[in-house]
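What follows is a set of notes on a single structure, which appears directly below.
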Amino acid sequence: MSSNIIPLSSLPIGKKARVKSIITNGTQRRRLLDLGLITDTVVEALQKSPAGDPVAYQIRGAVIAFRTEDASGILVEAI
Amino acid sequence: MGLSGRSTGMSVLSCEQLPVRAASNMKVISLGGNPNVGKSTLFNSLTGLKQHTGNWPGKTVAIAQGIYRHRDTDYMLVDIPGTYSLMANSEEEKIARDFICFGNPDAAVIVTDATCLERNLNLVLQTIEITPKVVVCVNLLDEAKKKRIDIDLNALSGQLGVPVVGTSARTGAGLEELVDAVHDIACGITISSPVRIIYEDVIEEAVSIVESIVNDIIKDKLNSRWVALMLIEGDEELISSLKTYTDCDLTAYEDLADKLIEVKERLNKAGIDQDSLRDRVVSQIVKTAEITAAKAITYNNKKYNSTDRRLDRILTSKSFGIPIMICLLGIIFWITITGANYPSSKISDLLFWIEDKLTAFCSGANAPSWVHGLFVMGIYRTVAWVVSVMLPPMAIFFPLFTLLEDFGYLPRVAFNLDKYFKKACAHGKQALTMCMGFGCNAAGIIGCRIIDSPREKLIAMITNNFVPCNGRFPTLIAIITMFFAGVIPGPFQSAVSTIILTGVIVLGVAMTMLISGLLSKTILKGLPSSFILELPPYRRPQIGRVIVRSVLDRTLFVLARAVVAAAPAGAIIWIMANINIGGLSLLTHCASFLNPFARLMGLDGYILMAFILGFPANEIVVPIIIMSYMAEASILEMGSLTELKELLVMHGWTWVTAVCTMLFSLMHWPCGTTCLTIRKESGSLKWTAVSILVPTAAGMILCFIFANAARLFGAL
């Protein structure tokens with residue numbers, strides 16, 4: 001794994017990244033896939049909630065919020 | 001937070017009761033789509049059935065149906081749950097899929113959001129894989145136009161191979177074309193040739209091997225290619241649904257089982273295991289959606305959603321997010337309190353004028369005094385109180401809250417508060433079910449279906465009662481106005497009431513989190529499960545529609561329920577006050593019995609009894625208190641809150657009594673409807689009992705602490 005692969009939860013606000021892999025399994029994995037989070041999908045970290053967690057991301061035109069634990073299961077490459 | 005008969009559990013259809021054609025020539029149309037695409041608005045526009053618009057996934061998890069007529073044909077429109085996918089990952093997805101597969105719809109309408117079409121196409125493609133009888137409805141074209149997003153409907157239709165119709169359901173544009181397209185598909189006039197998603201060769205080979213066997217078994221019950229794909233994917237849900245709805249047990253066919261093992265081995269050799277097969281299938285659908293979208297959509301303004309992002313940056317900002325939330329709540333309360341004063345006194349004038357007439361009529365007709373007492377002083381008076389005290393705040397609060405909901409603010413509330421729910425090891429969607437509770441706790445309990453994890457669902461249900469429903473707001477407002485704001489001169493009065501009421505609500509929300517946390521650490525131990533929260537685009541609320549809908553759907557419904565509960569309660573109170581045992585009325589006996597215990601909590605026997613008698617509907621608590629005090633000394637002419645306060649003070653009320661009554665109103669057993677709903681939704685008497693005990697215990701403890709602290713400091 002190259003060093004510029006990071007969990008989505010570490011992506012700074014305002015930055016974009018490409019999805020590389022999803023490391024969770026089962027239902028949660030399928031839900032993420034259903035949102036269109038397949039390999040090479042571009043996501044953008046839009047903003048944090050007042051308490052810092054969850055964070056809202058732009059995914060294929062929709063705005064989706066993930067908790068830190070869930071976002072860390074998505075590995076991305078910052079662009 | 002829908003509050004129609006449907007959402008309060010009166011007419012919930014489970015999936016087992018799939019709609020039955022009322023007449024053999026009636027066409028059945030399923031209405032599906034992602035959440036937040038205006039599906040319910042479309043449903044209402046077409047069928048005219050009164051039903052609330054959803055802003056949240058699963059809101060329409062109870063299947064609703066309505067009828068419309070077009071070109072001399074009757075259509076039964078079935079509103080299936082809003083989902084992102086048909087992969088049966090959740091209860092709603094399972095219901096949606098089962099309906100499309102086994103409800104035998106003559107056409108499946110998929111509603112999509114024009115401003116977010118690509119993601120919506122995922123569901124469209126999944127539906128097309130199951131049935132060719134699909135009509136795609138690209139809704140919210142007006143919103144897309146505002147964002148300068150152009151959608152080439154013809155190109156889209158060409159790409160998908162099914163009819164595509166553009167609509168703006170809120171203005172009604174395009175609905176004629178939609179029902180025409182549905183008619184043509186349902187009657188077989190249009191034969192569509194839907195796009196076929198082509199998977200990798202190795203998957204395609206596997207599918208074709210299994211498909212031929214599946215085809216022999218299920219004939220034309222379902223699309224055998226799709227069933228084959230699902231079987232290879234290992235979809236157990238489909239096998240069980242097939243058995244339930246068609247009596248076709250796929251596990252009974254050995255040749256099929258053998259073939260499945262064979263193709264799975266082949267796939268394994270090619271390096272594709274179960275999980276990666278699913279990934280590849282979903283990825284192919286997503287890619288197809290991406291390509292389709294690219295050919296049909298033009299974004300003339302790359303920053304089309306910048307207004308939404310700017311709003312989000314303010315409404316969910318670190319410094320202002322939560323203060324704005326509290327302020328918005330405060331503004332709603334302020335308008336409610338200020339606005340309710342005038343109509344309230346007018347209605348009460350009118351109703352008490354009628355009471356005088358009724359009294360005059362009774363004495364004129366020489367009716368026995370018990371008839372006048374029971375019907376006029378008991379039943380009529382209680383009902384009149386409920387109507388005059390409850391109706392105005394409800395008629396104002398409901399529409400205002402719905403406006404916020406229509407605007408798209410509630411998901412932002414969930415976003416703002418999620419961290420705290422996570423700390424309490426509760427589900428993020430609990431913020432939503434909590435908000436639904438402001439309208440009606442029973443609706444909030446039903447809303448808990450959107451939470452998949454059983455542990456977190458129970459927590460949400462048990463704590464839902466900590467936010468006061470619409471039936472309890474007027475009680476709180478009346479007490480606040482009498483005891484706290486009343487002493488302050490004119491213009492500041494409603495401002496003070498607002499601040500106190502907002503404080504009470506914030507306390508309720510804090511208790512929700514505290515109790516959720518306690519439950520997570522004791523009887524419902526566990527970690528928070530993952531969740532995905534969509535922040536949908538903001539939309540301009542339809543003000544006229546909201547007002548009509550809230551008054552018809554919610555206010556009148558709740559009021560009718562309150563009146564139905566109030567009439568017998570009024571009769572009981574009057575009878576209790578007029579049956580004497582040993583020189584004292586039954587009412588006094590009961591109240592004296594409860595009194596010592598009630599005193600410990602800063603209440604009195606009458607107040608506690610009012611809460612007990614108010615079990616059918618919280619709205620009648622204050623009227624019962626008034627009735628029982630008046631039965632003791634029925635010389636008072638009730639008119640305004642000032643007179644009411646005099647009555648209460650005469651019976652020993654102080655500001656401590658007022659605070660304790662408010663606390664107990666905020667935290668006591670859920671009303672009858674809510675209890676029944678909890679019983680139904682949890683399927684367990686034990687958890688229903690817990691849901692009654694937890695808020696009651698919390699209320700009793702807080703009242704006890706407050707009353708005794710006040711006494712202590714008062715004595716010092």
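Going through the structure tokens in order, the chains are called A, B, and so on, while each chain numbers its residues from 1 and the ligands are numbered from 1 in the order shown.
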Non-local contacts of Ala71 (chain A) (12 Å; only C-alpha atoms; under 4 positions in same chain excluded) as a PyMOL selection string: (chain A and resi 6-11+19+21-24+28-29+32+37+43+45+53-57+64-67+75-76) or (chain B and resi 530-532)
Those selected residues, please, written with N, CA and C atoms and delivered as a PDB file, in the first residue's frame.
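result_8.pdb was written with the following content:
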ATOM      1  N   ILE A   6      -4.982   6.992   2.313  1.00  0.00           N
ATOM      2  CA  ILE A   6      -5.393   7.339   3.682  1.00  0.00           C
ATOM      3  C   ILE A   6      -6.849   6.938   3.909  1.00  0.00           C
ATOM      4  N   PRO A   7      -7.236   6.768   5.173  1.00  0.00           N
ATOM      5  CA  PRO A   7      -8.667   6.555   5.399  1.00  0.00           C
ATOM      6  C   PRO A   7      -9.433   7.852   5.109  1.00  0.00           C
ATOM      7  N   LEU A   8     -10.647   7.727   4.626  1.00  0.00           N
ATOM      8  CA  LEU A   8     -11.435   8.905   4.266  1.00  0.00           C
ATOM      9  C   LEU A   8     -11.577   9.856   5.459  1.00  0.00           C
ATOM     10  N   SER A   9     -11.582   9.276   6.677  1.00  0.00           N
ATOM     11  CA  SER A   9     -11.736  10.109   7.874  1.00  0.00           C
ATOM     12  C   SER A   9     -10.577  11.081   8.057  1.00  0.00           C
ATOM     13  N   SER A  10      -9.423  10.811   7.417  1.00  0.00           N
ATOM     14  CA  SER A  10      -8.274  11.717   7.557  1.00  0.00           C
ATOM     15  C   SER A  10      -8.217  12.757   6.448  1.00  0.00           C
ATOM     16  N   LEU A  11      -9.175  12.715   5.527  1.00  0.00           N
ATOM     17  CA  LEU A  11      -9.148  13.675   4.416  1.00  0.00           C
ATOM     18  C   LEU A  11      -9.520  15.066   4.933  1.00  0.00           C
ATOM     19  N   VAL A  19     -11.678   7.012  -4.297  1.00  0.00           N
ATOM     20  CA  VAL A  19     -11.847   5.810  -3.482  1.00  0.00           C
ATOM     21  C   VAL A  19     -10.943   4.701  -4.017  1.00  0.00           C
ATOM     22  N   SER A  21     -10.300   1.532  -1.863  1.00  0.00           N
ATOM     23  CA  SER A  21     -10.960   0.290  -1.455  1.00  0.00           C
ATOM     24  C   SER A  21     -11.803   0.516  -0.212  1.00  0.00           C
ATOM     25  N   ILE A  22     -12.712  -0.420  -0.013  1.00  0.00           N
ATOM     26  CA  ILE A  22     -13.572  -0.366   1.174  1.00  0.00           C
ATOM     27  C   ILE A  22     -13.194  -1.566   2.029  1.00  0.00           C
ATOM     28  N   ILE A  23     -12.787  -1.287   3.270  1.00  0.00           N
ATOM     29  CA  ILE A  23     -12.280  -2.403   4.069  1.00  0.00           C
ATOM     30  C   ILE A  23     -13.299  -2.956   5.062  1.00  0.00           C
ATOM     31  N   THR A  24     -14.541  -2.417   5.018  1.00  0.00           N
ATOM     32  CA  THR A  24     -15.568  -3.034   5.852  1.00  0.00           C
ATOM     33  C   THR A  24     -16.274  -4.094   5.027  1.00  0.00           C
ATOM     34  N   GLN A  28     -22.770  -3.099   5.634  1.00  0.00           N
ATOM     35  CA  GLN A  28     -22.219  -1.746   5.544  1.00  0.00           C
ATOM     36  C   GLN A  28     -21.480  -1.565   4.220  1.00  0.00           C
ATOM     37  N   ARG A  29     -20.740  -2.566   3.789  1.00  0.00           N
ATOM     38  CA  ARG A  29     -20.028  -2.498   2.521  1.00  0.00           C
ATOM     39  C   ARG A  29     -21.013  -2.298   1.370  1.00  0.00           C
ATOM     40  N   LEU A  32     -22.410   1.188   1.268  1.00  0.00           N
ATOM     41  CA  LEU A  32     -21.455   2.152   0.718  1.00  0.00           C
ATOM     42  C   LEU A  32     -21.402   2.021  -0.802  1.00  0.00           C
ATOM     43  N   LEU A  37     -20.005   4.374  -4.066  1.00  0.00           N
ATOM     44  CA  LEU A  37     -18.597   4.430  -3.640  1.00  0.00           C
ATOM     45  C   LEU A  37     -17.816   3.244  -4.188  1.00  0.00           C
ATOM     46  N   VAL A  43     -14.548  11.683  -4.153  1.00  0.00           N
ATOM     47  CA  VAL A  43     -15.316  12.218  -3.029  1.00  0.00           C
ATOM     48  C   VAL A  43     -14.646  13.495  -2.545  1.00  0.00           C
ATOM     49  N   ALA A  45     -14.452  16.118   0.902  1.00  0.00           N
ATOM     50  CA  ALA A  45     -14.853  16.373   2.287  1.00  0.00           C
ATOM     51  C   ALA A  45     -15.425  17.780   2.339  1.00  0.00           C
ATOM     52  N   ASP A  53     -17.681  15.683  14.466  1.00  0.00           N
ATOM     53  CA  ASP A  53     -18.002  14.355  13.965  1.00  0.00           C
ATOM     54  C   ASP A  53     -19.521  14.259  13.967  1.00  0.00           C
ATOM     55  N   PRO A  54     -20.177  13.809  12.955  1.00  0.00           N
ATOM     56  CA  PRO A  54     -19.707  13.310  11.656  1.00  0.00           C
ATOM     57  C   PRO A  54     -19.227  14.403  10.695  1.00  0.00           C
ATOM     58  N   VAL A  55     -18.779  13.951   9.533  1.00  0.00           N
ATOM     59  CA  VAL A  55     -18.323  14.856   8.477  1.00  0.00           C
ATOM     60  C   VAL A  55     -19.158  14.583   7.227  1.00  0.00           C
ATOM     61  N   ALA A  56     -19.517  15.677   6.522  1.00  0.00           N
ATOM     62  CA  ALA A  56     -20.315  15.529   5.302  1.00  0.00           C
ATOM     63  C   ALA A  56     -19.409  15.454   4.084  1.00  0.00           C
ATOM     64  N   TYR A  57     -19.711  14.525   3.185  1.00  0.00           N
ATOM     65  CA  TYR A  57     -18.927  14.347   1.964  1.00  0.00           C
ATOM     66  C   TYR A  57     -19.817  14.479   0.744  1.00  0.00           C
ATOM     67  N   ILE A  64     -23.457  13.231   1.785  1.00  0.00           N
ATOM     68  CA  ILE A  64     -23.638  12.117   2.712  1.00  0.00           C
ATOM     69  C   ILE A  64     -22.710  12.322   3.907  1.00  0.00           C
ATOM     70  N   ALA A  65     -23.244  12.124   5.113  1.00  0.00           N
ATOM     71  CA  ALA A  65     -22.416  12.267   6.311  1.00  0.00           C
ATOM     72  C   ALA A  65     -22.057  10.896   6.876  1.00  0.00           C
ATOM     73  N   PHE A  66     -20.779  10.762   7.272  1.00  0.00           N
ATOM     74  CA  PHE A  66     -20.313   9.537   7.921  1.00  0.00           C
ATOM     75  C   PHE A  66     -19.725   9.872   9.277  1.00  0.00           C
ATOM     76  N   ARG A  67     -19.892   8.961  10.233  1.00  0.00           N
ATOM     77  CA  ARG A  67     -19.165   9.077  11.488  1.00  0.00           C
ATOM     78  C   ARG A  67     -17.711   8.662  11.237  1.00  0.00           C
ATOM     79  N   LEU A  75     -10.847   3.542   2.179  1.00  0.00           N
ATOM     80  CA  LEU A  75      -9.497   4.023   1.888  1.00  0.00           C
ATOM     81  C   LEU A  75      -9.510   4.840   0.601  1.00  0.00           C
ATOM     82  N   VAL A  76      -8.869   5.999   0.653  1.00  0.00           N
ATOM     83  CA  VAL A  76      -8.876   6.891  -0.506  1.00  0.00           C
ATOM     84  C   VAL A  76      -7.464   7.380  -0.810  1.00  0.00           C
TER      85      VAL A  76
ATOM     86  N   SER B 530     -23.043   1.562  12.652  1.00  0.00           N
ATOM     87  CA  SER B 530     -22.712   2.565  11.650  1.00  0.00           C
ATOM     88  C   SER B 530     -23.987   3.105  11.022  1.00  0.00           C
ATOM     89  N   PHE B 531     -23.916   4.318  10.527  1.00  0.00           N
ATOM     90  CA  PHE B 531     -25.091   4.815   9.828  1.00  0.00           C
ATOM     91  C   PHE B 531     -24.681   5.840   8.780  1.00  0.00           C
ATOM     92  N   ILE B 532     -25.542   5.986   7.824  1.00  0.00           N
ATOM     93  CA  ILE B 532     -25.282   6.890   6.711  1.00  0.00           C
ATOM     94  C   ILE B 532     -26.378   7.935   6.713  1.00  0.00           C
TER      95      ILE B 532
END
Cut-off 7 Å: closest chain A/chain B atom pairs per residue, using only C-alpha atoms, as CSV:
residue,atom,partner,partner_atom,distance
A:Thr27,CA,B:Asn89,CA,6.1
A:Leu33,CA,B:Val282,CA,6.6
A:Asp34,CA,B:Ser85,CA,6.3
A:Leu35,CA,B:Arg119,CA,7.0
A:Gly36,CA,B:Val286,CA,5.9
A:Ile38,CA,B:Ser283,CA,5.9
A:Ser49,CA,B:Asn416,CA,5.4
A:Pro50,CA,B:Lys318,CA,3.8
A:Ala51,CA,B:Lys419,CA,6.2
A:Asp53,CA,B:Lys419,CA,5.8
A:Pro54,CA,B:Lys419,CA,6.8
A:Arg60,CA,B:Arg119,CA,6.3
A:Gly61,CA,B:Cys116,CA,5.6
A:Ala62,CA,B:Cys116,CA,6.4
A:Val63,CA,B:Leu535,CA,5.3
A:Ile64,CA,B:Glu534,CA,4.4
A:Ala65,CA,B:Leu533,CA,5.0
A:Phe66,CA,B:Ile532,CA,5.8
A:Asp70,CA,B:Ser530,CA,6.1
Please provide as a short mmCIF file (atom, residue, chain, number, x, y, z; two decimals) with C-alpha atoms, in the first residue's frame all residues within 7 Å of Ala78 (chain A), with the sequence filter that same-chain residues fewer than 3 positions apart are discarded (counting only C-alpha atoms).
data_model
loop_
_atom_site.label_atom_id
_atom_site.label_comp_id
_atom_site.auth_asym_id
_atom_site.auth_seq_id
_atom_site.Cartn_x
_atom_site.Cartn_y
_atom_site.Cartn_z
CA ASN A 4 -0.65 8.45 -0.01
CA LYS A 16 -10.94 15.70 -2.87
CA ALA A 17 -9.90 12.08 -3.08
CA ARG A 18 -10.43 8.93 -5.12
#
Nearby residues (only C-alpha atoms) at most 9 Å from region 394-410 of chain B, same-chain spacing under 4 positions excluded, as a PyMOL selection string: chain B and resi 1+53-56+315+329+332-333+335-337+339-340+390+414-415+431-432+435+438-439+470-471+473-474+535-543+546-551+554-556+558-559
Surrounding residues of region 241-247 of chain B excluding itself and chain neighbours under 3 positions, 12 Å, only C-alpha atoms, as JSON, numbers by chain: {"B": [15, 16, 17, 18, 88, 94, 95, 97, 98, 99, 100, 101, 102, 103, 104, 217, 218, 219, 220, 221, 222, 227, 231, 235, 236, 237, 238, 250, 251, 252]}
Output N, CA and C atoms of each residue in that selection to a file, as a PDB file, in the first residue's frame.
ATOM      1  N   CYS B  15     -45.997  -6.247   4.930  1.00  0.00           N
ATOM      2  CA  CYS B  15     -45.705  -6.707   3.587  1.00  0.00           C
ATOM      3  C   CYS B  15     -46.536  -7.932   3.217  1.00  0.00           C
ATOM      4  N   GLU B  16     -46.964  -8.664   4.235  1.00  0.00           N
ATOM      5  CA  GLU B  16     -47.738  -9.876   3.968  1.00  0.00           C
ATOM      6  C   GLU B  16     -49.107  -9.536   3.385  1.00  0.00           C
ATOM      7  N   GLN B  17     -49.552  -8.285   3.636  1.00  0.00           N
ATOM      8  CA  GLN B  17     -50.868  -7.919   3.127  1.00  0.00           C
ATOM      9  C   GLN B  17     -50.711  -7.098   1.863  1.00  0.00           C
ATOM     10  N   LEU B  18     -50.047  -7.671   0.900  1.00  0.00           N
ATOM     11  CA  LEU B  18     -49.858  -6.938  -0.344  1.00  0.00           C
ATOM     12  C   LEU B  18     -51.220  -6.558  -0.908  1.00  0.00           C
ATOM     13  N   ALA B  88     -31.979  -5.567  -0.792  1.00  0.00           N
ATOM     14  CA  ALA B  88     -32.502  -6.137   0.452  1.00  0.00           C
ATOM     15  C   ALA B  88     -31.521  -6.025   1.610  1.00  0.00           C
ATOM     16  N   LYS B  94     -36.096  -4.585   1.434  1.00  0.00           N
ATOM     17  CA  LYS B  94     -36.700  -5.890   1.256  1.00  0.00           C
ATOM     18  C   LYS B  94     -38.175  -5.721   0.850  1.00  0.00           C
ATOM     19  N   ILE B  95     -38.874  -4.813   1.552  1.00  0.00           N
ATOM     20  CA  ILE B  95     -40.288  -4.583   1.235  1.00  0.00           C
ATOM     21  C   ILE B  95     -40.430  -4.056  -0.188  1.00  0.00           C
ATOM     22  N   ARG B  97     -38.391  -4.364  -2.724  1.00  0.00           N
ATOM     23  CA  ARG B  97     -38.073  -5.373  -3.716  1.00  0.00           C
ATOM     24  C   ARG B  97     -39.169  -6.422  -3.798  1.00  0.00           C
ATOM     25  N   ASP B  98     -39.636  -6.885  -2.632  1.00  0.00           N
ATOM     26  CA  ASP B  98     -40.682  -7.906  -2.636  1.00  0.00           C
ATOM     27  C   ASP B  98     -41.912  -7.416  -3.370  1.00  0.00           C
ATOM     28  N   PHE B  99     -42.211  -6.108  -3.202  1.00  0.00           N
ATOM     29  CA  PHE B  99     -43.407  -5.624  -3.887  1.00  0.00           C
ATOM     30  C   PHE B  99     -43.226  -5.629  -5.398  1.00  0.00           C
ATOM     31  N   ILE B 100     -42.076  -5.179  -5.842  1.00  0.00           N
ATOM     32  CA  ILE B 100     -41.844  -5.150  -7.292  1.00  0.00           C
ATOM     33  C   ILE B 100     -41.824  -6.573  -7.853  1.00  0.00           C
ATOM     34  N   CYS B 101     -41.248  -7.511  -7.093  1.00  0.00           N
ATOM     35  CA  CYS B 101     -41.156  -8.896  -7.568  1.00  0.00           C
ATOM     36  C   CYS B 101     -42.477  -9.646  -7.473  1.00  0.00           C
ATOM     37  N   PHE B 102     -43.141  -9.509  -6.307  1.00  0.00           N
ATOM     38  CA  PHE B 102     -44.268 -10.406  -6.053  1.00  0.00           C
ATOM     39  C   PHE B 102     -45.619  -9.710  -5.942  1.00  0.00           C
ATOM     40  N   GLY B 103     -45.625  -8.371  -5.959  1.00  0.00           N
ATOM     41  CA  GLY B 103     -46.897  -7.644  -5.894  1.00  0.00           C
ATOM     42  C   GLY B 103     -47.555  -7.567  -7.259  1.00  0.00           C
ATOM     43  N   ASN B 104     -46.898  -8.141  -8.276  1.00  0.00           N
ATOM     44  CA  ASN B 104     -47.397  -8.125  -9.656  1.00  0.00           C
ATOM     45  C   ASN B 104     -47.851  -6.764 -10.135  1.00  0.00           C
ATOM     46  N   ILE B 217     -37.801 -23.650 -13.631  1.00  0.00           N
ATOM     47  CA  ILE B 217     -38.490 -23.748 -12.338  1.00  0.00           C
ATOM     48  C   ILE B 217     -39.515 -22.630 -12.159  1.00  0.00           C
ATOM     49  N   ILE B 218     -39.059 -21.386 -12.326  1.00  0.00           N
ATOM     50  CA  ILE B 218     -39.969 -20.283 -11.981  1.00  0.00           C
ATOM     51  C   ILE B 218     -40.796 -19.788 -13.166  1.00  0.00           C
ATOM     52  N   LYS B 219     -40.582 -20.374 -14.337  1.00  0.00           N
ATOM     53  CA  LYS B 219     -41.329 -19.971 -15.542  1.00  0.00           C
ATOM     54  C   LYS B 219     -41.294 -18.448 -15.709  1.00  0.00           C
ATOM     55  N   ASP B 220     -42.490 -17.834 -15.865  1.00  0.00           N
ATOM     56  CA  ASP B 220     -42.466 -16.384 -16.077  1.00  0.00           C
ATOM     57  C   ASP B 220     -42.840 -15.609 -14.818  1.00  0.00           C
ATOM     58  N   LYS B 221     -42.691 -16.263 -13.657  1.00  0.00           N
ATOM     59  CA  LYS B 221     -43.012 -15.555 -12.419  1.00  0.00           C
ATOM     60  C   LYS B 221     -42.077 -14.371 -12.201  1.00  0.00           C
ATOM     61  N   LEU B 222     -40.847 -14.562 -12.543  1.00  0.00           N
ATOM     62  CA  LEU B 222     -39.850 -13.506 -12.350  1.00  0.00           C
ATOM     63  C   LEU B 222     -38.861 -13.565 -13.496  1.00  0.00           C
ATOM     64  N   VAL B 227     -32.910 -13.511 -11.283  1.00  0.00           N
ATOM     65  CA  VAL B 227     -32.945 -14.482 -10.182  1.00  0.00           C
ATOM     66  C   VAL B 227     -31.642 -15.276 -10.173  1.00  0.00           C
ATOM     67  N   LEU B 231     -29.038 -15.567  -7.138  1.00  0.00           N
ATOM     68  CA  LEU B 231     -28.699 -16.856  -6.531  1.00  0.00           C
ATOM     69  C   LEU B 231     -27.189 -17.048  -6.483  1.00  0.00           C
ATOM     70  N   ASP B 235     -28.058 -14.647  -2.472  1.00  0.00           N
ATOM     71  CA  ASP B 235     -29.111 -13.849  -1.846  1.00  0.00           C
ATOM     72  C   ASP B 235     -30.164 -14.748  -1.191  1.00  0.00           C
ATOM     73  N   GLU B 236     -30.021 -14.913   0.133  1.00  0.00           N
ATOM     74  CA  GLU B 236     -30.929 -15.803   0.868  1.00  0.00           C
ATOM     75  C   GLU B 236     -32.332 -15.211   0.951  1.00  0.00           C
ATOM     76  N   GLU B 237     -32.377 -13.874   1.052  1.00  0.00           N
ATOM     77  CA  GLU B 237     -33.672 -13.202   1.205  1.00  0.00           C
ATOM     78  C   GLU B 237     -34.601 -13.530   0.040  1.00  0.00           C
ATOM     79  N   LEU B 238     -34.033 -13.551  -1.165  1.00  0.00           N
ATOM     80  CA  LEU B 238     -34.863 -13.786  -2.335  1.00  0.00           C
ATOM     81  C   LEU B 238     -35.444 -15.194  -2.298  1.00  0.00           C
ATOM     82  N   LEU B 250     -36.856 -22.971  -4.013  1.00  0.00           N
ATOM     83  CA  LEU B 250     -35.710 -23.226  -4.886  1.00  0.00           C
ATOM     84  C   LEU B 250     -34.738 -24.224  -4.269  1.00  0.00           C
ATOM     85  N   THR B 251     -34.743 -24.283  -2.915  1.00  0.00           N
ATOM     86  CA  THR B 251     -33.770 -25.194  -2.279  1.00  0.00           C
ATOM     87  C   THR B 251     -34.139 -26.658  -2.525  1.00  0.00           C
ATOM     88  N   ALA B 252     -35.372 -26.898  -3.021  1.00  0.00           N
ATOM     89  CA  ALA B 252     -35.800 -28.273  -3.232  1.00  0.00           C
ATOM     90  C   ALA B 252     -35.258 -28.864  -4.549  1.00  0.00           C
TER      91      ALA B 252
END
From A:Lys48, A:Glu77, A:Arg30, A:Glu69, residue lying nearest Leu277 (chain B) [only C-alpha atoms]: A:Arg30
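Taking CA of Arg711 (chain B) and CA of Gly614 (chain B) as the two end points, the separation is 27.8 Å.
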